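Dumped model.txt below, it's compact mmCIF, C-alpha atoms and all ligand atoms:
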```
# COMPACT_ATOMS: atom_id res chain seq x y z
CA MET A 1 108.45 168.88 167.08
CA ILE A 2 104.70 169.39 166.60
CA ASP A 3 103.00 168.73 163.27
CA ILE A 4 99.79 170.75 163.07
CA HIS A 5 98.60 169.27 159.76
CA VAL A 6 98.34 165.49 159.91
CA HIS A 7 95.34 163.52 158.69
CA PHE A 8 93.99 160.67 160.77
CA PHE A 9 91.11 158.69 159.27
CA PRO A 10 89.73 155.19 159.73
CA SER A 11 91.61 152.95 157.30
CA SER A 12 88.64 152.41 154.94
CA ILE A 13 88.37 156.17 154.47
CA PHE A 14 92.13 156.57 154.00
CA GLN A 15 91.96 153.91 151.29
CA ALA A 16 89.19 155.82 149.51
CA ILE A 17 91.10 159.12 149.77
CA TRP A 18 94.26 157.54 148.37
CA ARG A 19 92.32 155.95 145.51
CA TYR A 20 90.97 159.41 144.68
CA PHE A 21 94.45 160.96 144.83
CA GLU A 22 95.88 158.35 142.49
CA THR A 23 93.11 158.38 139.92
CA PRO A 24 94.55 159.74 136.67
CA GLY A 25 92.99 163.05 135.66
CA HIS A 26 92.51 164.35 139.20
CA GLY A 27 95.81 166.22 138.97
CA LEU A 28 97.01 164.87 142.31
CA TRP A 29 99.85 162.53 143.20
CA ASN A 30 100.80 159.06 144.30
CA ILE A 31 100.84 158.66 148.06
CA LYS A 32 104.25 157.84 149.49
CA TYR A 33 103.01 156.58 152.86
CA LYS A 34 100.06 154.21 152.64
CA VAL A 35 100.43 153.34 156.29
CA ASN A 36 98.01 152.09 158.90
CA ASN A 37 97.47 154.31 161.90
CA LYS A 38 100.00 152.53 164.10
CA GLN A 39 102.64 152.92 161.37
CA LEU A 40 101.57 156.53 160.93
CA ILE A 41 102.36 157.27 164.56
CA GLN A 42 105.62 155.30 164.41
CA THR A 43 106.77 157.12 161.27
CA LEU A 44 106.13 160.52 162.79
CA SER A 45 107.86 159.54 165.99
CA LYS A 46 110.91 158.41 164.00
CA GLU A 47 110.95 161.79 162.25
CA GLY A 48 111.04 163.56 165.61
CA VAL A 49 107.36 164.51 165.88
CA ASN A 50 106.01 163.91 169.36
CA ARG A 51 102.57 165.54 169.02
CA PHE A 52 100.36 165.94 165.96
CA THR A 53 96.81 166.79 164.98
CA THR A 54 94.10 164.52 163.60
CA LEU A 55 92.61 166.48 160.74
CA ILE A 56 89.39 164.99 159.39
CA TYR A 57 86.63 166.29 157.14
CA ALA A 58 83.35 164.97 155.80
CA HIS A 59 82.33 164.97 152.15
CA LYS A 60 78.74 163.81 152.69
CA GLN A 61 75.97 163.62 155.24
CA GLY A 62 76.19 161.31 158.20
CA LEU A 63 79.99 161.03 158.24
CA ALA A 64 81.12 163.80 160.60
CA GLU A 65 79.90 162.20 163.83
CA TYR A 66 81.32 158.82 162.87
CA LEU A 67 84.71 160.47 162.27
CA ASN A 68 84.54 162.47 165.51
CA ASN A 69 83.81 159.29 167.46
CA PHE A 70 86.74 157.58 165.74
CA ILE A 71 89.04 160.42 166.81
CA LYS A 72 87.74 160.27 170.38
CA GLU A 73 88.43 156.51 170.56
CA SER A 74 91.87 157.00 168.99
CA VAL A 75 92.99 159.76 171.32
CA ASP A 76 92.12 157.59 174.30
CA ARG A 77 94.58 155.01 172.92
CA PHE A 78 97.30 157.27 171.54
CA PRO A 79 98.29 160.25 173.69
CA GLU A 80 100.42 161.71 170.85
CA LEU A 81 97.25 162.81 169.09
CA ILE A 82 96.01 166.38 169.31
CA PRO A 83 92.34 165.76 168.58
CA PHE A 84 90.58 167.79 165.92
CA GLY A 85 87.07 166.97 164.72
CA THR A 86 84.77 168.26 162.05
CA VAL A 87 81.19 169.37 161.41
CA PHE A 88 79.05 169.06 158.30
CA ALA A 89 76.37 171.71 157.79
CA GLY A 90 74.23 169.34 155.71
CA ASP A 91 73.73 167.15 158.78
CA GLY A 92 71.58 169.92 160.25
CA LYS A 93 73.01 169.62 163.75
CA CYS A 94 76.30 171.49 163.73
CA GLU A 95 75.71 173.18 167.05
CA ARG A 96 74.92 169.93 168.85
CA VAL A 97 77.97 168.20 167.36
CA ALA A 98 80.19 171.17 168.26
CA LYS A 99 79.02 171.09 171.88
CA LYS A 100 79.77 167.39 172.04
CA ILE A 101 83.28 167.54 170.57
CA PHE A 102 84.34 170.61 172.53
CA GLU A 103 82.58 170.24 175.87
CA GLU A 104 82.49 166.46 176.18
CA PHE A 105 85.39 165.23 173.99
CA LYS A 106 87.64 168.26 174.69
CA PHE A 107 88.86 168.48 171.09
CA PHE A 108 91.20 171.38 170.26
CA GLY A 109 89.35 172.45 167.14
CA ILE A 110 87.87 171.44 163.83
CA LYS A 111 89.02 171.11 160.25
CA LEU A 112 86.86 172.32 157.38
CA HIS A 113 87.69 171.53 153.77
CA PRO A 114 85.19 173.59 151.76
CA PHE A 115 86.26 172.16 148.41
CA VAL A 116 85.75 168.54 149.43
CA SER A 117 82.65 169.06 151.56
CA ASN A 118 81.16 171.55 149.11
CA GLU A 119 80.17 173.75 152.06
CA GLN A 120 81.67 177.23 152.30
CA VAL A 121 83.28 178.58 155.48
CA GLU A 122 80.92 181.55 155.56
CA ASP A 123 77.82 179.31 155.46
CA ILE A 124 75.67 180.71 158.29
CA ARG A 125 74.88 177.18 159.43
CA PHE A 126 78.45 177.14 160.81
CA PHE A 127 77.98 180.37 162.77
CA PRO A 128 76.70 178.74 165.98
CA VAL A 129 79.82 176.53 165.84
CA TYR A 130 82.12 179.53 165.40
CA GLU A 131 80.44 181.26 168.32
CA ILE A 132 81.11 178.30 170.60
CA MET A 133 84.68 178.06 169.32
CA GLN A 134 85.35 181.74 169.82
CA ASP A 135 84.05 181.56 173.39
CA LEU A 136 86.07 178.44 174.22
CA GLY A 137 89.23 179.44 172.31
CA LYS A 138 89.00 176.49 169.90
CA ILE A 139 90.84 176.46 166.58
CA LEU A 140 89.49 176.34 163.03
CA VAL A 141 91.84 174.80 160.47
CA CYS A 142 90.53 175.52 156.99
CA HIS A 143 91.71 174.85 153.49
CA THR A 144 90.45 177.93 151.67
CA GLY A 145 93.26 178.44 149.15
CA SER A 146 93.09 176.99 145.66
CA VAL A 147 96.05 174.63 146.16
CA PRO A 148 96.52 172.15 144.61
CA VAL A 149 93.84 171.91 141.93
CA TYR A 150 90.79 173.95 142.94
CA LYS A 151 89.15 176.51 140.71
CA SER A 152 87.98 179.27 143.05
CA SER A 153 90.50 181.60 144.60
CA ASP A 154 88.21 183.77 146.73
CA GLY A 155 88.88 181.96 150.03
CA ALA A 156 90.31 185.00 151.82
CA ILE A 157 87.18 187.03 151.03
CA ARG A 158 85.00 184.23 152.37
CA LEU A 159 87.09 183.87 155.49
CA ARG A 160 86.87 187.60 156.14
CA LYS A 161 83.08 187.30 156.22
CA VAL A 162 83.51 184.84 159.09
CA LEU A 163 86.08 186.96 160.90
CA ASP A 164 83.96 190.10 160.62
CA GLN A 165 81.38 188.23 162.71
CA PHE A 166 83.82 186.36 164.95
CA PRO A 167 86.95 188.51 165.19
CA ARG A 168 88.41 186.53 168.10
CA LEU A 169 88.10 183.16 166.35
CA LYS A 170 91.43 181.34 166.10
CA VAL A 171 92.02 180.31 162.50
CA ILE A 172 94.83 178.33 160.89
CA VAL A 173 94.93 178.92 157.16
CA ALA A 174 96.19 175.62 155.78
CA HIS A 175 99.10 175.56 153.31
CA CYS A 176 99.85 179.25 154.05
CA GLY A 177 96.81 180.00 151.88
CA ALA A 178 98.47 178.69 148.73
CA PHE A 179 98.32 179.79 146.04
CA GLU A 180 96.74 183.11 147.14
CA TYR A 181 99.43 184.02 149.71
CA GLY A 182 99.03 187.75 149.25
CA ASP A 183 95.29 187.64 149.91
CA TYR A 184 95.76 186.29 153.42
CA GLN A 185 98.31 188.83 154.66
CA PRO A 186 95.63 191.53 155.12
CA LEU A 187 93.66 189.09 157.25
CA ALA A 188 96.71 188.51 159.40
CA ASN A 189 97.18 192.27 159.68
CA ASP A 190 93.55 192.89 160.66
CA PHE A 191 92.87 189.95 162.99
CA GLU A 192 94.92 188.88 165.97
CA HIS A 193 94.32 185.13 165.77
CA ILE A 194 95.23 184.25 162.19
CA TYR A 195 97.80 181.49 161.79
CA PHE A 196 99.28 179.61 158.85
CA ASP A 197 100.45 176.04 158.46
CA THR A 198 103.27 175.00 156.16
CA ALA A 199 101.78 171.79 154.80
CA MET A 200 103.30 171.07 151.39
CA ASN A 201 104.81 174.53 151.13
CA CYS A 202 108.26 175.15 149.66
CA VAL A 203 109.13 171.54 148.84
CA HIS A 204 110.56 171.62 145.39
CA ASN A 205 109.07 168.73 143.55
CA SER A 206 107.11 168.21 140.38
CA ALA A 207 103.88 167.62 142.38
CA PHE A 208 103.10 171.30 142.04
CA ALA A 209 104.89 174.57 141.51
CA ASN A 210 104.42 177.94 143.24
CA ASN A 211 104.07 176.23 146.59
CA CYS A 212 106.30 178.63 148.53
CA PRO A 213 105.11 182.01 149.83
CA GLY A 214 108.75 183.13 150.07
CA ARG A 215 111.18 183.92 152.86
CA GLY A 216 109.65 187.35 153.47
CA PHE A 217 106.31 185.77 154.34
CA PHE A 218 108.00 183.60 156.94
CA LEU A 219 109.86 186.52 158.47
CA GLU A 220 106.79 188.72 158.62
CA ASN A 221 104.56 185.98 160.06
CA GLN A 222 107.11 184.24 162.24
CA ASN A 223 104.77 184.26 165.25
CA ARG A 224 101.85 182.90 163.24
CA ILE A 225 103.37 180.08 161.22
CA LEU A 226 103.17 176.49 162.43
CA PHE A 227 104.91 173.48 160.98
CA GLY A 228 102.55 171.13 159.14
CA SER A 229 103.18 168.41 156.59
CA ASP A 230 99.88 166.94 155.28
CA PHE A 231 101.20 163.53 156.29
CA PRO A 232 100.43 160.83 155.27
CA ASN A 233 98.91 162.14 152.02
CA ILE A 234 102.22 163.33 150.59
CA PRO A 235 104.17 162.37 147.49
CA TRP A 236 107.63 162.78 149.05
CA GLU A 237 109.73 161.71 152.02
CA TYR A 238 108.51 163.31 155.24
CA SER A 239 111.92 164.86 155.82
CA SER A 240 111.63 166.83 152.54
CA GLN A 241 109.16 169.15 154.27
CA ILE A 242 111.53 169.86 157.13
CA LYS A 243 114.49 170.34 154.80
CA ALA A 244 112.54 172.70 152.56
CA LEU A 245 111.73 175.01 155.46
CA LYS A 246 115.30 174.89 156.75
CA MET A 247 116.48 175.87 153.27
CA LEU A 248 114.79 179.24 153.82
CA ASP A 249 117.59 179.96 156.28
CA LEU A 250 115.33 181.63 158.83
CA GLY A 251 117.71 181.15 161.75
CA GLU A 252 117.39 179.09 164.89
CA THR A 253 115.02 181.37 166.78
CA ILE A 254 112.41 181.48 164.04
CA GLU A 255 112.78 177.76 163.32
CA ARG A 256 112.09 177.01 166.98
CA LYS A 257 108.93 179.10 166.76
CA ILE A 258 107.72 177.37 163.60
CA PHE A 259 108.57 173.79 164.54
CA ASN A 260 107.44 174.01 168.14
CA GLU A 261 106.84 177.18 170.13
CA ASN A 262 104.04 178.77 168.10
CA ALA A 263 102.04 175.55 168.30
CA VAL A 264 102.68 175.08 172.00
CA LYS A 265 101.42 178.59 172.61
CA LEU A 266 98.38 178.32 170.36
CA LEU A 267 97.32 174.91 171.64
CA GLY A 268 98.12 175.74 175.25
CA LEU A 269 100.14 172.53 175.65
ZN ZN A 301 95.61 168.27 154.36
```

Starting from the coordinates I provided, produce the structure as structure tokens.
Amino acid sequence: MIDIHVHFFPSSIFQAIWRYFETPGHGLWNIKYKVNNKQLIQTLSKEGVNRFTTLIYAHKQGLAEYLNNFIKESVDRFPELIPFGTVFAGDGKCERVAKKIFEEFKFFGIKLHPFVSNEQVEDIRFFPVYEIMQDLGKILVCHTGSVPVYKSSDGAIRLRKVLDQFPRLKVIVAHCGAFEYGDYQPLANDFEHIYFDTAMNCVHNSAFANNCPGRGFFLENQNRILFGSDFPNIPWEYSSQIKALKMLDLGETIERKIFNENAVKLLGL
């Protein structure tokens, strides 16, 4: 099994993220797995995950390169990792960082979290990065939907501005675009390389409602959907995510695609 949406930060940053999650008033949840990175890998392995991504993002200047270097060091130690890096437009050197992580570090892609970084996907300072990624076949994972607590719901419009310029860019829309599922289907219809990850979708829990795009979405996008969990920043047992998707009763062929084959194909593993 491949998990396309796993976070992998240095422990000091994980601690800060978890503190933020658990601060009352932020509308988030208590973290079930406050694990160190060795335990993180062990937990996933026990759940049947043999490869997983290292999604990182920066919320301020000067952090992106530090995180990218951390991922590079980690992937040299742990072959299970599928390295993803990040860029921060405010650093003023996106293109240089992109060349380093793709040409030198051989990362598979980047994660952008516009709500946390306060930098929009269609910011033209990212365009040189997208151009490199499109040429090299690298993957952009972006959290553009309003899930779980964000105010703006215009992510699909913003993403289209990127795709109009870079129509061959490979994009994974995190969380199936929740909660604006319907807005992302036209993107999938218009652009060949749009994918979705299932992180925190369809698990029925009080953490948040409306987290499932529905069985029809899975049937229609069966070649574009990749299993993801958001581990370790989840409020429930890891297996809840797997069970929730199996509950959709998609059949063995589609499940194989979602839990493994679509990712193998996209990542070229
Ligand atoms: Zn995430």

- Message: Here's a test: counting all atoms listed in the file, identify every protein, DNA and RNA residue with an atom at most 7 Å from (96.8, 176.3, 156.0) in the file's coordinate frame, and state them as a PyMOL selection string.
- Response: chain A and resi 141-143+172-177+196-199

What are the closest atom pairs, with distances in Å to one decimal, for all residues of stretch 22-123 of chain A lying within 12 Å of stretch 246-264 of chain A? Consider only C-alpha atoms, order rows by chain and residue number, and present the result as JSON lines.
```
{"residue": "A:Gly48", "atom": "CA", "partner": "A:Phe259", "partner_atom": "CA", "distance": 10.6}
{"residue": "A:Val49", "atom": "CA", "partner": "A:Phe259", "partner_atom": "CA", "distance": 9.5}
{"residue": "A:Asn50", "atom": "CA", "partner": "A:Asn260", "partner_atom": "CA", "distance": 10.3}
{"residue": "A:Arg51", "atom": "CA", "partner": "A:Asn260", "partner_atom": "CA", "distance": 9.8}
{"residue": "A:Phe52", "atom": "CA", "partner": "A:Ala263", "partner_atom": "CA", "distance": 10.0}
{"residue": "A:Thr53", "atom": "CA", "partner": "A:Ala263", "partner_atom": "CA", "distance": 10.7}
{"residue": "A:Ile82", "atom": "CA", "partner": "A:Ala263", "partner_atom": "CA", "distance": 11.0}
{"residue": "A:Phe108", "atom": "CA", "partner": "A:Ala263", "partner_atom": "CA", "distance": 11.8}
```

- Item | Counting all atoms listed in the file, the option among A:Gln15, A:Gln185, A:Asn201, A:Gln120 closest to A:Lys34 | A:Gln15

- Residues within 10 Å of ligand ZN 301 (chain A), counting all atoms listed in the file: report them as number ranges by chain. A: 4-7, 55-57, 111, 113, 141-143, 174-175, 199-200, 228-234

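When only C-alpha atoms are used to compute distances to A:Leu266, the closest of the residues A:Glu237, A:Glu220, A:Glu192, A:Asp164 turns out to be A:Glu192.
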
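Of the residues under consideration (A:Phe115, A:Pro235, A:Phe88, A:Pro10), A:Pro10 shows the shortest atom-to-atom contact distance to A:Glu73 when counting all atoms listed in the file.
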
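Atom pair atom CA of A:Val129 / atom CA of A:Ala98 has a distance of 5.9 Å (rounded to one decimal).
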
- Point-to-point distance from atom CA of A:Leu245 to atom CA of A:Gln42, Å rounded to tenths: 22.5 Å

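Nearest to A:Leu163 of all the residues A:Val149, A:Val35, A:Leu136, A:Ile194 is A:Ile194, based on all atoms listed in the file.
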
The centre and edge lengths of an axis-aligned box containing all atoms of stretch 145-148 of chain A present in the file, extended by 5 Å on each side, are to be given in Å to one decimal, as AutoDock Vina command-line options.
```
--center_x 94.8 --center_y 175.3 --center_z 146.9 --size_x 13.4 --size_y 16.3 --size_z 14.5
```

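Put simply, atom CA of A:Leu169 is 14.1 Å away from atom CA of A:Leu112.
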
- Message: Could you check which residues have any atom within 8 Å of (86.8, 182.2, 157.3), counting only C-alpha atoms with coordinates taken straight from the file, and then list them as a PyMOL selection string?
- Response: chain A and resi 121-122+142+144+155-163+171

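Between A:Lys46 and the residues A:Ser239, A:Ala244, A:Leu219, A:Phe102, the shortest atom-to-atom distance, using all atoms listed in the file, involves A:Ser239.
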
- Item | Selected residue, from A:Lys243, A:Lys106, A:His193, A:Lys99, that lies nearest to A:Ile71 when counting only C-alpha atoms | A:Lys106

- Query: Near stretch 61-64 of chain A, within 9 Å and counting only C-alpha atoms, which residues show up once chain neighbours fewer than 3 positions away are dropped, as a VMD selection string?
  - Reply: chain A and resid 56 to 58 67 to 69 85 to 91 97
